[in-house]
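Encoded as structure tokens, the structure appears first; notes follow it.
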Amino acid sequence: MNLNDPFAAAFEKARAAAQAGEVPVGAALARAGVVIAAAGNRTLRDRDPTAHAEMLVIRQAAATLGSERLVDCDLYVTLEPCAMCAAAISFARIRRLYFAASDPKGGAVEHGPRFFAQPTCHHAPEVYGGIRESEAARMLRDFFQARR
């Protein structure tokens, strides 16, 4: 895993998730440009509907740093986060969110509830979407086509 390229780490974890039969979503959390946690989806393996890549990475980073607040950290994800993950990002006070592919059906950042724009959201990270979008979208398309 490339510890100096968070998106490379996230994509590596997404590919590993796909090989394990999981939806290919990966995430990496970095502080000062160095990856401190990375994971792919594990909902099937863990029999846990909350085992999204983002949730796993937030848990790992909080344990590693010894704090529930990740204020100086940036999250890199291969797919726009859902509402559950957006809430966790907000609660963790993550500084910046970078994501690859948009998710019109299940996303909650630019689609659906637009979680960070709600008046009840206490912390909204800076958000940058569409980075390596075509690569992430192709990985997801290929995964679901192979399952049909």
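Residues in the structure tokens are named by chain (A, B, ... in the order shown) and by number from 1 within that chain; ligands are numbered from 1 in the order shown.
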
Give me, as an NGL selection string, all polymer residues having an atom no more than 10 Å from Ile89 (chain A), counting only C-alpha atoms and skipping those fewer than 4 positions away in the same chain.
:A and (54-55 or 58 or 69-70 or 74-75 or 81 or 83-85 or 93-97 or 116 or 123-125)

Tell me which protein, DNA and RNA residues are within 12 Å of Cys82 (chain A), counting only C-alpha atoms, leaving out same-chain ones fewer than 6 positions away, and put them as a PyMOL selection string.
chain A and resi 25+50+52-55+88-89+99+102-116

Selected residues written out with C-alpha atoms, as a PDB file, in the first residue's frame:
ATOM      1  CA  VAL A  25     -15.404   0.714  -2.413  1.00  0.00           C
ATOM      2  CA  THR A  50     -22.075  -0.708   8.944  1.00  0.00           C
ATOM      3  CA  HIS A  52     -18.491   0.381   4.856  1.00  0.00           C
ATOM      4  CA  ALA A  53     -14.928   1.352   3.936  1.00  0.00           C
ATOM      5  CA  GLU A  54     -15.371   4.847   5.386  1.00  0.00           C
ATOM      6  CA  MET A  55     -16.647   3.568   8.732  1.00  0.00           C
ATOM      7  CA  ALA A  88     -19.657   9.627  10.783  1.00  0.00           C
ATOM      8  CA  ILE A  89     -17.424  11.980   8.773  1.00  0.00           C
ATOM      9  CA  PHE A  99     -14.244  11.150  -3.442  1.00  0.00           C
ATOM     10  CA  SER A 102     -20.713  10.174  -7.614  1.00  0.00           C
ATOM     11  CA  ASP A 103     -23.549   7.975  -6.381  1.00  0.00           C
ATOM     12  CA  PRO A 104     -26.915   9.374  -7.545  1.00  0.00           C
ATOM     13  CA  LYS A 105     -28.784   6.474  -5.933  1.00  0.00           C
ATOM     14  CA  GLY A 106     -27.128   6.094  -2.523  1.00  0.00           C
ATOM     15  CA  GLY A 107     -24.855   9.093  -2.110  1.00  0.00           C
ATOM     16  CA  ALA A 108     -25.584  11.680   0.559  1.00  0.00           C
ATOM     17  CA  VAL A 109     -23.032  14.400  -0.152  1.00  0.00           C
ATOM     18  CA  GLU A 110     -23.983  15.756  -3.586  1.00  0.00           C
ATOM     19  CA  HIS A 111     -27.110  13.611  -3.936  1.00  0.00           C
ATOM     20  CA  GLY A 112     -30.014  12.502  -1.766  1.00  0.00           C
ATOM     21  CA  PRO A 113     -30.088  14.275   1.594  1.00  0.00           C
ATOM     22  CA  ARG A 114     -26.952  16.372   0.946  1.00  0.00           C
ATOM     23  CA  PHE A 115     -26.020  15.718   4.546  1.00  0.00           C
ATOM     24  CA  PHE A 116     -23.394  18.430   4.965  1.00  0.00           C
TER      25      PHE A 116
END

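Pairwise distance (CA of Pro6 (chain A), CA of Ala51 (chain A)) equals 19.6 Å.
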
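Atom pair CA of Val127 (chain A) / CA of Asn41 (chain A): separated by 21.2 Å.
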
Would you list the contacts of Phe143 (chain A) as JSON, numbers by chain, taking every protein, DNA or RNA residue within 10 Å and counting only C-alpha atoms, but skipping same-chain residues closer than 2 positions in sequence?
{"A": [15, 18, 19, 21, 22, 23, 24, 137, 138, 139, 140, 141, 145, 146, 147, 148]}

Just list the residues in chain A DSSP gives helix (DSSP H, G or I) on the backbone, as a PyMOL selection string.
chain A and resi 6-19+43-46+53-65+83-91+115-117+133-147

Residues just named, written with C-alpha atoms as a PDB file, in the first residue's frame:
ATOM      1  CA  PRO A   6      -4.155   8.152  -0.231  1.00  0.00           C
ATOM      2  CA  PHE A   7      -6.191   7.659  -3.412  1.00  0.00           C
ATOM      3  CA  ALA A   8      -3.861   4.857  -4.540  1.00  0.00           C
ATOM      4  CA  ALA A   9      -4.402   3.180  -1.160  1.00  0.00           C
ATOM      5  CA  ALA A  10      -8.192   3.615  -1.430  1.00  0.00           C
ATOM      6  CA  PHE A  11      -8.280   2.131  -4.940  1.00  0.00           C
ATOM      7  CA  GLU A  12      -6.069  -0.774  -3.837  1.00  0.00           C
ATOM      8  CA  LYS A  13      -8.531  -1.551  -1.030  1.00  0.00           C
ATOM      9  CA  ALA A  14     -11.492  -1.237  -3.423  1.00  0.00           C
ATOM     10  CA  ARG A  15      -9.921  -3.765  -5.790  1.00  0.00           C
ATOM     11  CA  ALA A  16      -9.258  -6.139  -2.882  1.00  0.00           C
ATOM     12  CA  ALA A  17     -12.884  -5.778  -1.759  1.00  0.00           C
ATOM     13  CA  ALA A  18     -14.081  -6.700  -5.264  1.00  0.00           C
ATOM     14  CA  GLN A  19     -11.861  -9.792  -5.283  1.00  0.00           C
ATOM     15  CA  THR A  43     -20.196  -5.888   4.992  1.00  0.00           C
ATOM     16  CA  LEU A  44     -20.437  -9.486   3.752  1.00  0.00           C
ATOM     17  CA  ARG A  45     -17.297 -10.771   5.440  1.00  0.00           C
ATOM     18  CA  ASP A  46     -18.100  -9.160   8.791  1.00  0.00           C
ATOM     19  CA  ALA A  53     -14.928   1.352   3.936  1.00  0.00           C
ATOM     20  CA  GLU A  54     -15.371   4.847   5.386  1.00  0.00           C
ATOM     21  CA  MET A  55     -16.647   3.568   8.732  1.00  0.00           C
ATOM     22  CA  LEU A  56     -13.802   1.060   9.031  1.00  0.00           C
ATOM     23  CA  VAL A  57     -11.196   3.700   8.238  1.00  0.00           C
ATOM     24  CA  ILE A  58     -12.644   6.174  10.731  1.00  0.00           C
ATOM     25  CA  ARG A  59     -12.610   3.485  13.443  1.00  0.00           C
ATOM     26  CA  GLN A  60      -9.014   2.501  12.615  1.00  0.00           C
ATOM     27  CA  ALA A  61      -7.778   6.081  12.574  1.00  0.00           C
ATOM     28  CA  ALA A  62      -9.537   6.996  15.832  1.00  0.00           C
ATOM     29  CA  ALA A  63      -7.955   3.972  17.528  1.00  0.00           C
ATOM     30  CA  THR A  64      -4.513   4.719  16.064  1.00  0.00           C
ATOM     31  CA  LEU A  65      -4.626   8.389  17.030  1.00  0.00           C
ATOM     32  CA  ALA A  83     -25.852   9.122   4.758  1.00  0.00           C
ATOM     33  CA  MET A  84     -24.435   6.850   7.480  1.00  0.00           C
ATOM     34  CA  CYS A  85     -20.865   7.511   6.409  1.00  0.00           C
ATOM     35  CA  ALA A  86     -21.472  11.236   5.918  1.00  0.00           C
ATOM     36  CA  ALA A  87     -22.743  11.438   9.501  1.00  0.00           C
ATOM     37  CA  ALA A  88     -19.657   9.627  10.783  1.00  0.00           C
ATOM     38  CA  ILE A  89     -17.424  11.980   8.773  1.00  0.00           C
ATOM     39  CA  SER A  90     -19.177  14.931  10.380  1.00  0.00           C
ATOM     40  CA  PHE A  91     -19.011  13.487  13.911  1.00  0.00           C
ATOM     41  CA  PHE A 115     -26.020  15.718   4.546  1.00  0.00           C
ATOM     42  CA  PHE A 116     -23.394  18.430   4.965  1.00  0.00           C
ATOM     43  CA  ALA A 117     -25.806  21.144   3.749  1.00  0.00           C
ATOM     44  CA  GLU A 133     -14.201   9.357 -11.272  1.00  0.00           C
ATOM     45  CA  SER A 134     -14.089   7.335 -14.494  1.00  0.00           C
ATOM     46  CA  GLU A 135     -11.721   4.757 -12.967  1.00  0.00           C
ATOM     47  CA  ALA A 136     -13.962   4.255  -9.925  1.00  0.00           C
ATOM     48  CA  ALA A 137     -17.163   4.170 -11.990  1.00  0.00           C
ATOM     49  CA  ARG A 138     -15.638   1.580 -14.344  1.00  0.00           C
ATOM     50  CA  MET A 139     -14.612  -0.624 -11.394  1.00  0.00           C
ATOM     51  CA  LEU A 140     -18.165  -0.509 -10.004  1.00  0.00           C
ATOM     52  CA  ARG A 141     -19.774  -1.125 -13.422  1.00  0.00           C
ATOM     53  CA  ASP A 142     -17.487  -4.078 -14.122  1.00  0.00           C
ATOM     54  CA  PHE A 143     -18.196  -5.568 -10.695  1.00  0.00           C
ATOM     55  CA  PHE A 144     -21.970  -5.417 -11.059  1.00  0.00           C
ATOM     56  CA  GLN A 145     -21.952  -6.592 -14.703  1.00  0.00           C
ATOM     57  CA  ALA A 146     -19.958  -9.662 -13.684  1.00  0.00           C
ATOM     58  CA  ARG A 147     -22.535 -10.489 -11.003  1.00  0.00           C
TER      59      ARG A 147
END
